[in-house]
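J.: Pasting a structure here, questions to come.
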Amino acid sequence: MSLELHSSSESRHAAVFLGLDQWRIVLALVVVAMHAQALGFMPWLRADWTGRLGHDAVIGFFAVSGYSVMQAAASAGWQPRTFLIGRWSRLYSLVVPALLLTLCLDTLGRTLRPDLYPLWMYNKWPLHLGFHALFLGETWTRSYPAFSNIPYWSLGYEAWYYALLAAWLMPARIRSGCVALALVCMGPRVMLLLPCWLMGAVAWWWVERGRWSAWLAGSRSIKMWGAPSLLLVSLYAVWTTSPWAEGLRRTTEALSQQIAAQWGAEMRLSYSRWFAADWVTAGVFVAVMLAIAARTVTPTSSDATSRNGPRAWIRWLAFHSFGIYLMHYPLLLLAAAVGLARFGAGTGLLTVLAVVALSVALSAAFSRTRPLWQRLLGRSILR
């Protein structure tokens with residue numbers, strides 16, 4: 001019986017991860033398109049919805065991350081040290097070169113268009129370099145960009161969620177203290193989006209244990225639903241265009257303004273200012289993950305062949321979606337400083353495609369340093 005359960009959960013996880021790989025690519029490209037539009041490279045996109053769509057893409061990343069990181073923790077045998085070395089080596093293999101690359105590109109771009117880089121932290125760049133390398137950019141009273149790398153803000157959330165999971169995996173005698181310490185360190189702003197990540201983690205647990213309603217897993221309506229991506233787009237469109245979504249955003253944004261007025265601008269909610277609506281957005285992603293899992297009862301022939309051909313390319317590009325997300329903005333901003341946005345939509349699109357390709361190449365190169373980071377972190381974590 002346990003063998004059947006394990007086989008069933010493996011099949012369901014495989015189906016969900018196939019969808020998550022595709023989502024990672026699309027979500028990263030949505031964020032790129034948002035920033036490209038803001039910098040004038042894709043002027044045909046509407047500015048009134050690309051900004052919101054880009055933020056929601058990051059919320060989708062949080063939900064996807066919760067599911068994926070639980071699988072990573074299971075693969076690490078639920079050992080906190082092994083888990084942290086695996087996750088942080090992945091982060092640092094890209095984060096450190098991305099921060100250094102951002103600083104170098106910004107130095108060049110500021111000589112061309114200083115008006116595009118009105119950031120005060122360049123005068124104290126060594127301090128801020130170390131500050132963001134420790135993922136402290138969004139904790140408590142801090143909401144600072146990593147030089148021009150605007151997308152880096154989500155790493156100030158993500159890394160602390162990893163730390164929280166590692167704390168939960170600690171021995172029982174110290175678990176409560178470790179969890180409390182992680183929560184205190186991350187601060188209220190990061191905690192407000194924690195439910196988005198936890199939903200993905202809980203979804204993994206439900207899939208692993210088969211803990212969803214029997215009627216859902218066996219319902220014919222599950223089989224009749226369209227492709228998961230179409231279902232995701234449909235549910236998201238219905239939610240984000242509804243008056244309830246806009247009402248929630250206005251309410252929590254007003255709350256952020258009241259907090260800033262009462263306790264100072266440094267306590268504003270910043271990227272968490274739409275937190276209640278973000279919880280629902282994350283719930284949409286998680287609902288589709290569970291729908292994918294519920295549709296998958298036994299492995300199919302397509303599952304067996306999915307490791308080859310297009311599936312391998314999707315998996316490879318999904319792995320580098322993190323690099324696309326992390327590298328693209330400083331490159332786009334430098335291209336804007338050079339003046340490439342002035343040459344029309346065609347040149348703008350080619351520039352965006354070149355930036356995406358270069359981001360993938362950089363990600364592939366920097367990822368090769370992961371074994372080095374594993375050795376470095378292995379010597380320092382929990383020793």
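Just remember, in the structure tokens the first chain shown is A, the second B, etc., residues are 1-based per chain, and ligands are 1-based in the order shown.
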So that I can check the secondary structure, give me every residue of region 284-377 of chain A assigned alpha helix (DSSP H) by backbone DSSP, as a PyMOL selection string.
T.: chain A and resi 284-295+301-305+310-319+321-338+345-367+370-377
J.: At a cut-off of 10 Å, using only C-alpha atoms, what residues contact Ala73 (chain A)? Leave out same-chain residues fewer than 5 positions from it and give the result as an MDAnalysis selection string.
T.: chainID A and resid 68 78:80 82:84 86:87 162 165:166 169
J.: If I take CA of Leu255 (chain A) and CA of Asp278 (chain A), how far is one from the other in Å, to one decimal?
T.: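 About the pair CA of Leu255 (chain A) and CA of Asp278 (chain A): they are 14.9 Å apart.
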J.: Need to verify the contact set: Leu232 (chain A), 9 Å, only C-alpha atoms, exclusion of same-chain residues closer than 4 positions in sequence. Can you return it as a list of chain:residue names?
T.: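 Here the qualifying residues turn out to be A:Ala227, A:Pro228, A:Tyr236, A:Ala237, A:Val284, A:Phe285, A:Ala287, A:Val288.
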J.: Give me, as a PyMOL selection string, all polymer residues having an atom no more than 8 Å from Trp140 (chain A), counting only C-alpha atoms and skipping those fewer than 2 positions away in the same chain.
T.: chain A and resi 138+142+186-189+267
J.: Could you jot down the CA of Ala28 (chain A) to CA of Ser154 (chain A) separation for me, Å, one decimal place?
T.: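 About the pair CA of Ala28 (chain A) and CA of Ser154 (chain A): they are 12.6 Å apart.
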J.: Excluding Arg379 (chain A) and any residue of its chain fewer than 4 positions from it, enumerate the residues within 12 Å of it, using only C-alpha atoms, and give them as a PyMOL selection string.
T.: chain A and resi 81-82+85+372-375+383
J.: Please produce an output containing N, CA and C atoms for each residue in the selection, written as a PDB file, in the first residue's frame.
T.:
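Contents of part_2.pdb, as written:
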ATOM      1  N   ARG A  81      20.921  21.216   7.583  1.00  0.00           N
ATOM      2  CA  ARG A  81      22.230  21.635   7.075  1.00  0.00           C
ATOM      3  C   ARG A  81      22.370  21.307   5.593  1.00  0.00           C
ATOM      4  N   THR A  82      22.007  20.087   5.220  1.00  0.00           N
ATOM      5  CA  THR A  82      22.085  19.678   3.819  1.00  0.00           C
ATOM      6  C   THR A  82      21.173  20.535   2.954  1.00  0.00           C
ATOM      7  N   ILE A  85      22.656  24.169   2.577  1.00  0.00           N
ATOM      8  CA  ILE A  85      23.799  24.181   1.667  1.00  0.00           C
ATOM      9  C   ILE A  85      23.322  24.082   0.222  1.00  0.00           C
ATOM     10  N   LEU A 372      31.670  25.139  -5.814  1.00  0.00           N
ATOM     11  CA  LEU A 372      32.541  25.931  -4.954  1.00  0.00           C
ATOM     12  C   LEU A 372      31.768  26.485  -3.775  1.00  0.00           C
ATOM     13  N   TRP A 373      30.581  27.002  -4.033  1.00  0.00           N
ATOM     14  CA  TRP A 373      29.761  27.546  -2.955  1.00  0.00           C
ATOM     15  C   TRP A 373      29.307  26.442  -1.996  1.00  0.00           C
ATOM     16  N   GLN A 374      29.061  25.255  -2.520  1.00  0.00           N
ATOM     17  CA  GLN A 374      28.688  24.146  -1.645  1.00  0.00           C
ATOM     18  C   GLN A 374      29.817  23.816  -0.668  1.00  0.00           C
ATOM     19  N   ARG A 375      31.045  23.859  -1.176  1.00  0.00           N
ATOM     20  CA  ARG A 375      32.183  23.580  -0.290  1.00  0.00           C
ATOM     21  C   ARG A 375      32.357  24.692   0.748  1.00  0.00           C
ATOM     22  N   ARG A 383      28.393  24.468  12.019  1.00  0.00           N
ATOM     23  CA  ARG A 383      29.565  23.678  12.417  1.00  0.00           C
ATOM     24  C   ARG A 383      30.005  24.073  13.816  1.00  0.00           C
TER      25      ARG A 383
END
J.: Figure out the distance between CA of Leu326 (chain A) and CA of Ala98 (chain A), please, to one decimal in Å.
T.: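 Separation between CA of Ala98 (chain A) and CA of Leu326 (chain A): 6.9 Å.
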J.: With only C-alpha atoms as the atoms that count, which of A:Gly323, A:Pro151, A:Gly77, A:Pro195 lies nearest to Gly137 (chain A)?
T.: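 Checking each candidate against Gly137 (chain A), we get A:Pro151 as the closest.
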J.: Give me the residues within 9 Å of Leu317 (chain A) as an MDAnalysis selection string, counting only C-alpha atoms and dropping any in the same chain fewer than 4 places off.
T.: chainID A and resid 21:22 24:25 312:313 321 360
J.: For C-alpha atoms, I'd like the residues from the last selection saved as a PDB file, in the first residue's frame.
T.:
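Result file selection.pdb:
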ATOM      1  CA  ASP A  21       8.868  24.432 -15.319  1.00  0.00           C
ATOM      2  CA  GLN A  22       6.714  26.062 -17.967  1.00  0.00           C
ATOM      3  CA  ARG A  24       8.896  29.598 -14.374  1.00  0.00           C
ATOM      4  CA  ILE A  25       9.831  30.503 -17.935  1.00  0.00           C
ATOM      5  CA  ALA A 312      14.679  18.557 -21.627  1.00  0.00           C
ATOM      6  CA  TRP A 313      14.853  22.022 -23.171  1.00  0.00           C
ATOM      7  CA  SER A 321      14.703  31.402 -15.445  1.00  0.00           C
ATOM      8  CA  VAL A 360      20.699  32.790 -19.914  1.00  0.00           C
TER       9      VAL A 360
END
J.: Counting only C-alpha atoms, which residue out of A:Pro330, A:Gly60, A:Gly210, A:Pro97 sits closest to Ser367 (chain A)?
T.: A:Pro97
